[in-house]
Amino acid sequence: MADIKSVTTILDVLVVTHEHVDHLSGFEQAKSIFSDVTVSELWLAWTEDPRDEQAMRLRAGREKVKTLLAKSYTAFANYKSFMSHPGYSDDEDPSEAEGEPLEPGPLDELSNVLAFAGIGPDGPGVKSAASTTAILERLKLKAERVRYLTPGTKPELGFAADIGVYVLGPPRDEKLLRRSNPRKNHAEVYQLSGDVGEDYLLAASVMLEGEESSLDADDLQRLQMSLPFGLRAMIPLDNRLAEIGLRTDDAARATALSSYDDLANDWRKVDIDWLGATEALALKLDSDTNNTSLVLAFELGEGPHGRVLLFPGDAQIGSWLSWHDLIWPPGAQKGDIGSVNAADLLAKTVLYKVGHHASHNATPREFGLELMTHPDLVAMIPVEEAFANNSKHWKMPFRALLDRLMEKTGGRVIRADRAKADIKAYADDTLSSELQLDARRWQCFFDNLDEISDRQGLLALEYYIPYATS
């Protein structure tokens with residue numbers, strides 16, 4: 001932020017793609033510096049518009065899930081059975097244990113996921129002033145104008161008339177908005193992954209905290225339908241579960257507990273098995289939030305000379321698929337003279353900011369990367385591979401996708417964790433000479449790529465994109 005401020009204290013447009021910690025935390029961490037920066041316009045997706053009924057319904061659902069997850073995290077952290085996890089004890093800090101590092105416990109894995117929503121010890125908390133929601137609200141107040149953008153529109157940049165801006169996502173179709181993973185029977189991406197299902201058994205675990213649940217009729221019905229046995233056949237061990245329709249029977253409960261609490265049956269206990277439901281719902285929240293990303297394509301110049309810069313945020317498969325229903329200008333039909341569709345924009349793309357740090361499900365194959373056919377295509381991946389792989393255990397960048405990006409670009413893949421010299425070296429190691437650029441095109445690429453450093457060393461790579469205005 002200090003480097004930006006050294007160049008200008010006025011931002012004509014600030015784009016916030018979606019409400020995730022890694023996209024918003026910098027405004028909190030550098031708020032003393034950012035306080036002196038003027039924001040003329042703040043661009044957000046329609047999903048953040050307080051006047052939009054659909055957006056507010058979706059937001060209410062997300063906030064409800066975040067609150068539920070926060071309570072579940074606290075319940076699990078405080079639950080005594082957690083202390084029986086191998087490697088943990090009341091008087092030993094796992095970080096200080098001798099010998100081999102311990103495998104992450106269930107709470108550690110969960111906290112990694114929840115941190116993106118600002119929940120748990122690695123996040124500021126749902127109601128904190130440093131939460132993603134609070135940061136976003138402060139940005140709205142700071143900006144002189146806030147614009148909520150809808151797919152299919154083309155907002156104007158008053159200070160750059162020769163730059164066209166196309167809004168591609170997030171979709172209004174809620175089925176696509178919630179679709180994060182590709183179909184198993186169709187190669188939509190460069191790897192298939194299983195669906196993460198919602199599990200409303202999570203709601204029951206919240207009662208461990210001793211608070212009343214806030215299930216509406218739809219949630220209650222889904223919870224009841226997801227129970228493994230019929231309501232009348234289940235014996236609740238806590239009378240508060242009568243709220244979801246389970247019968248109370250003190251005698252039956254006492255009989256069940258006498259067997260359940262028998263030390264000989266300790267290996268059969270399922271006290272913390274509901275954690276799996278917490279993780280599944282947290283992952284679903286994470287993916288659904290990614291799909292609310294504001295997706296923008298910036299076209300430099302027009303017509304056959306136009307060059308497109310594509311910024312999909314963390315949009316996943318459902319959002320990408322929705323783009324192909326859009327045609328500009330509004331009301332135009334496919335094939336009309338002067339009309340533009342998603343395939344046109346993808347074919348002109350010369351800079352692709354790779355979706356979601358090059359994860360497996362944020363760059364479609366047939367409807368995405370394979371349509372990027374411009375000979376000057378360059379990919380840019382905001383990723384720190386060592387951190388993603390070793391600290392978070394995420395496969396970013398996903399290898400099959402990275403390999404295809406290398407092939408499509410001839411090796412021109414800019415990464416946040418690589419210096420300028422590393423780009424050609426990696427291409428030499430991974431691409432055959434037939435797939436690489438020739439010497440002239442490599443030189444042209446490097447002539448437009450500069451390293452930016454500060455007193456601590458390499459800070460960023462700056463890529464200049466030449467284009468013709470006519």
# chains A, B, ... in the order shown; residues from 1 in each chain; ligands from 1
call {"tool": "select_by_dssp", "arguments": {"residues": "stretch 250-463 of chain A", "states": "helix (DSSP H, G or I)", "output": "PyMOL selection string"}}
result
chain A and resi 250-260+263-268+275-290+303-305+317-323+342-347+355-358+369-371+385-391+399-409+420-430+439-447
call {"tool": "residues_around", "arguments": {"residues": "A:Ala342", "least_positions_apart": "5", "cutoff": "9 Å", "atoms": "only C-alpha atoms", "output": "MDAnalysis selection string"}}
result
chainID A and resid 168 323:327 347
call {"tool": "closest_residue", "arguments": {"among": "A:Arg268, A:His23, A:Trp46, A:Leu300", "to": "A:Gly152", "atoms": "only C-alpha atoms"}}
result
A:Trp46
call {"tool": "residues_around", "arguments": {"residues": "stretch 137-144 of chain A", "least_positions_apart": "2", "cutoff": "12 Å", "atoms": "only C-alpha atoms", "output": "ChimeraX atom specification"}}
result
/A:10-16,19,24-28,31,34-44,48-50,129-135,146-148
call {"tool": "write_last_selection", "arguments": {"atoms": "N, CA and C atoms", "output": "compact mmCIF listing (two decimals), in the first residue's frame"}}
result
# COMPACT_ATOMS: atom_id res chain seq x y z
N ILE A 10 -4.70 9.09 -5.22
CA ILE A 10 -6.06 9.03 -5.77
C ILE A 10 -6.22 7.76 -6.60
N LEU A 11 -7.18 6.95 -6.23
CA LEU A 11 -7.53 5.77 -7.02
C LEU A 11 -8.83 6.08 -7.76
N ASP A 12 -8.77 6.11 -9.09
CA ASP A 12 -9.97 6.40 -9.87
C ASP A 12 -11.02 5.31 -9.67
N VAL A 13 -10.57 4.04 -9.68
CA VAL A 13 -11.48 2.92 -9.48
C VAL A 13 -10.80 1.88 -8.59
N LEU A 14 -11.49 1.47 -7.55
CA LEU A 14 -11.05 0.35 -6.72
C LEU A 14 -12.05 -0.78 -6.92
N VAL A 15 -11.55 -1.94 -7.35
CA VAL A 15 -12.41 -3.10 -7.58
C VAL A 15 -12.20 -4.10 -6.45
N VAL A 16 -13.26 -4.45 -5.76
CA VAL A 16 -13.22 -5.51 -4.75
C VAL A 16 -14.06 -6.66 -5.31
N GLU A 19 -15.95 -11.08 -0.95
CA GLU A 19 -15.69 -10.92 0.47
C GLU A 19 -14.91 -12.10 1.06
N LEU A 24 -9.31 -8.75 1.16
CA LEU A 24 -9.71 -7.55 1.90
C LEU A 24 -8.80 -7.20 3.07
N SER A 25 -8.05 -8.16 3.58
CA SER A 25 -7.31 -7.94 4.83
C SER A 25 -6.27 -6.82 4.71
N GLY A 26 -5.73 -6.61 3.51
CA GLY A 26 -4.73 -5.56 3.35
C GLY A 26 -5.25 -4.17 3.70
N PHE A 27 -6.54 -3.95 3.48
CA PHE A 27 -7.12 -2.64 3.82
C PHE A 27 -7.18 -2.43 5.33
N GLU A 28 -7.21 -3.52 6.09
CA GLU A 28 -7.16 -3.43 7.55
C GLU A 28 -5.71 -3.33 8.02
N LYS A 31 -4.35 0.14 7.13
CA LYS A 31 -5.39 1.19 7.16
C LYS A 31 -4.84 2.57 7.47
N PHE A 34 -3.67 3.70 4.08
CA PHE A 34 -4.79 3.82 3.13
C PHE A 34 -5.72 4.96 3.50
N SER A 35 -5.68 5.42 4.73
CA SER A 35 -6.58 6.50 5.16
C SER A 35 -6.35 7.78 4.38
N ASP A 36 -5.14 7.96 3.85
CA ASP A 36 -4.83 9.18 3.09
C ASP A 36 -5.07 9.02 1.59
N VAL A 37 -5.56 7.87 1.19
CA VAL A 37 -5.81 7.62 -0.24
C VAL A 37 -7.28 7.90 -0.55
N THR A 38 -7.53 8.64 -1.61
CA THR A 38 -8.90 8.94 -2.04
C THR A 38 -9.36 7.90 -3.05
N VAL A 39 -10.57 7.39 -2.86
CA VAL A 39 -11.15 6.42 -3.79
C VAL A 39 -12.32 7.10 -4.50
N SER A 40 -12.17 7.32 -5.79
CA SER A 40 -13.24 7.99 -6.54
C SER A 40 -14.43 7.07 -6.73
N GLU A 41 -14.18 5.83 -7.17
CA GLU A 41 -15.26 4.87 -7.37
C GLU A 41 -14.86 3.51 -6.79
N LEU A 42 -15.82 2.87 -6.16
CA LEU A 42 -15.65 1.51 -5.69
C LEU A 42 -16.59 0.63 -6.49
N TRP A 43 -16.02 -0.40 -7.14
CA TRP A 43 -16.83 -1.32 -7.94
C TRP A 43 -17.01 -2.63 -7.18
N LEU A 44 -18.26 -3.03 -7.03
CA LEU A 44 -18.61 -4.27 -6.36
C LEU A 44 -19.60 -5.05 -7.22
N GLU A 48 -23.49 -7.53 -3.55
CA GLU A 48 -23.24 -6.70 -2.37
C GLU A 48 -24.20 -5.51 -2.28
N ASP A 49 -25.13 -5.41 -3.21
CA ASP A 49 -26.02 -4.24 -3.29
C ASP A 49 -27.12 -4.34 -2.23
N PRO A 50 -27.16 -3.41 -1.26
CA PRO A 50 -28.17 -3.45 -0.21
C PRO A 50 -29.58 -3.17 -0.71
N ALA A 129 -14.43 -5.63 14.12
CA ALA A 129 -14.25 -4.48 13.24
C ALA A 129 -13.28 -4.79 12.12
N ALA A 130 -12.51 -5.88 12.29
CA ALA A 130 -11.57 -6.29 11.26
C ALA A 130 -12.11 -7.42 10.39
N SER A 131 -13.38 -7.75 10.54
CA SER A 131 -13.97 -8.81 9.73
C SER A 131 -14.10 -8.35 8.29
N THR A 132 -14.28 -9.29 7.39
CA THR A 132 -14.42 -8.93 5.99
C THR A 132 -15.64 -8.04 5.76
N THR A 133 -16.71 -8.33 6.46
CA THR A 133 -17.92 -7.52 6.32
C THR A 133 -17.67 -6.08 6.75
N ALA A 134 -16.99 -5.92 7.89
CA ALA A 134 -16.71 -4.58 8.40
C ALA A 134 -15.76 -3.82 7.48
N ILE A 135 -14.74 -4.49 6.97
CA ILE A 135 -13.81 -3.83 6.05
C ILE A 135 -14.55 -3.35 4.80
N VAL A 146 -20.18 4.41 -5.17
CA VAL A 146 -20.15 2.95 -5.18
C VAL A 146 -21.03 2.46 -6.32
N ARG A 147 -20.48 1.58 -7.15
CA ARG A 147 -21.23 1.03 -8.28
C ARG A 147 -21.34 -0.48 -8.10
N TYR A 148 -22.56 -0.98 -8.22
CA TYR A 148 -22.82 -2.41 -8.12
C TYR A 148 -23.08 -2.94 -9.54
call {"tool": "residues_around", "arguments": {"residues": "stretch 413-415 of chain A", "least_positions_apart": "2", "cutoff": "12 Å", "atoms": "only C-alpha atoms", "output": "PyMOL selection string"}}
result
chain A and resi 350-354+357-358+376-385+396-397+401-411+417-427+436+442+445-446+449-451+459-463
call {"tool": "closest_residue", "arguments": {"among": "A:Ala60, A:Ala233, A:Leu309, A:Ala315", "to": "A:Ala45", "atoms": "only C-alpha atoms"}}
result
A:Ala315
call {"tool": "atom_distance", "arguments": {"atom1": "atom CA of A:Asp428", "atom2": "atom CA of A:Arg307"}}
result
27.5 Å
call {"tool": "select_by_dssp", "arguments": {"residues": "stretch 371-437 of chain A", "states": "strand (DSSP E)", "output": "list in words"}}
result
Val378, Ala379, Met380, Ile381, Val413, Ile414 and Arg415 of chain A
call {"tool": "write_last_selection", "arguments": {"atoms": "C-alpha atoms", "output": "CSV table (one decimal), in the first residue's frame"}}
result
chain,number,residue,atom,x,y,z
A,378,VAL,CA,0.2,-14.4,-21.1
A,379,ALA,CA,-1.0,-15.9,-17.8
A,380,MET,CA,-0.5,-14.3,-14.4
A,381,ILE,CA,-0.9,-16.5,-11.2
A,413,VAL,CA,3.4,-17.6,-17.1
A,414,ILE,CA,4.0,-14.8,-14.6
A,415,ARG,CA,3.9,-15.9,-10.9
call {"tool": "residues_around", "arguments": {"residues": "stretch 362-371 of chain A", "least_positions_apart": "6", "cutoff": "10 Å", "atoms": "only C-alpha atoms", "output": "ChimeraX atom specification"}}
result
/A:180-182,187-191,290-291,312-321,323-324,342-349,352,354-356,401,404-405,408
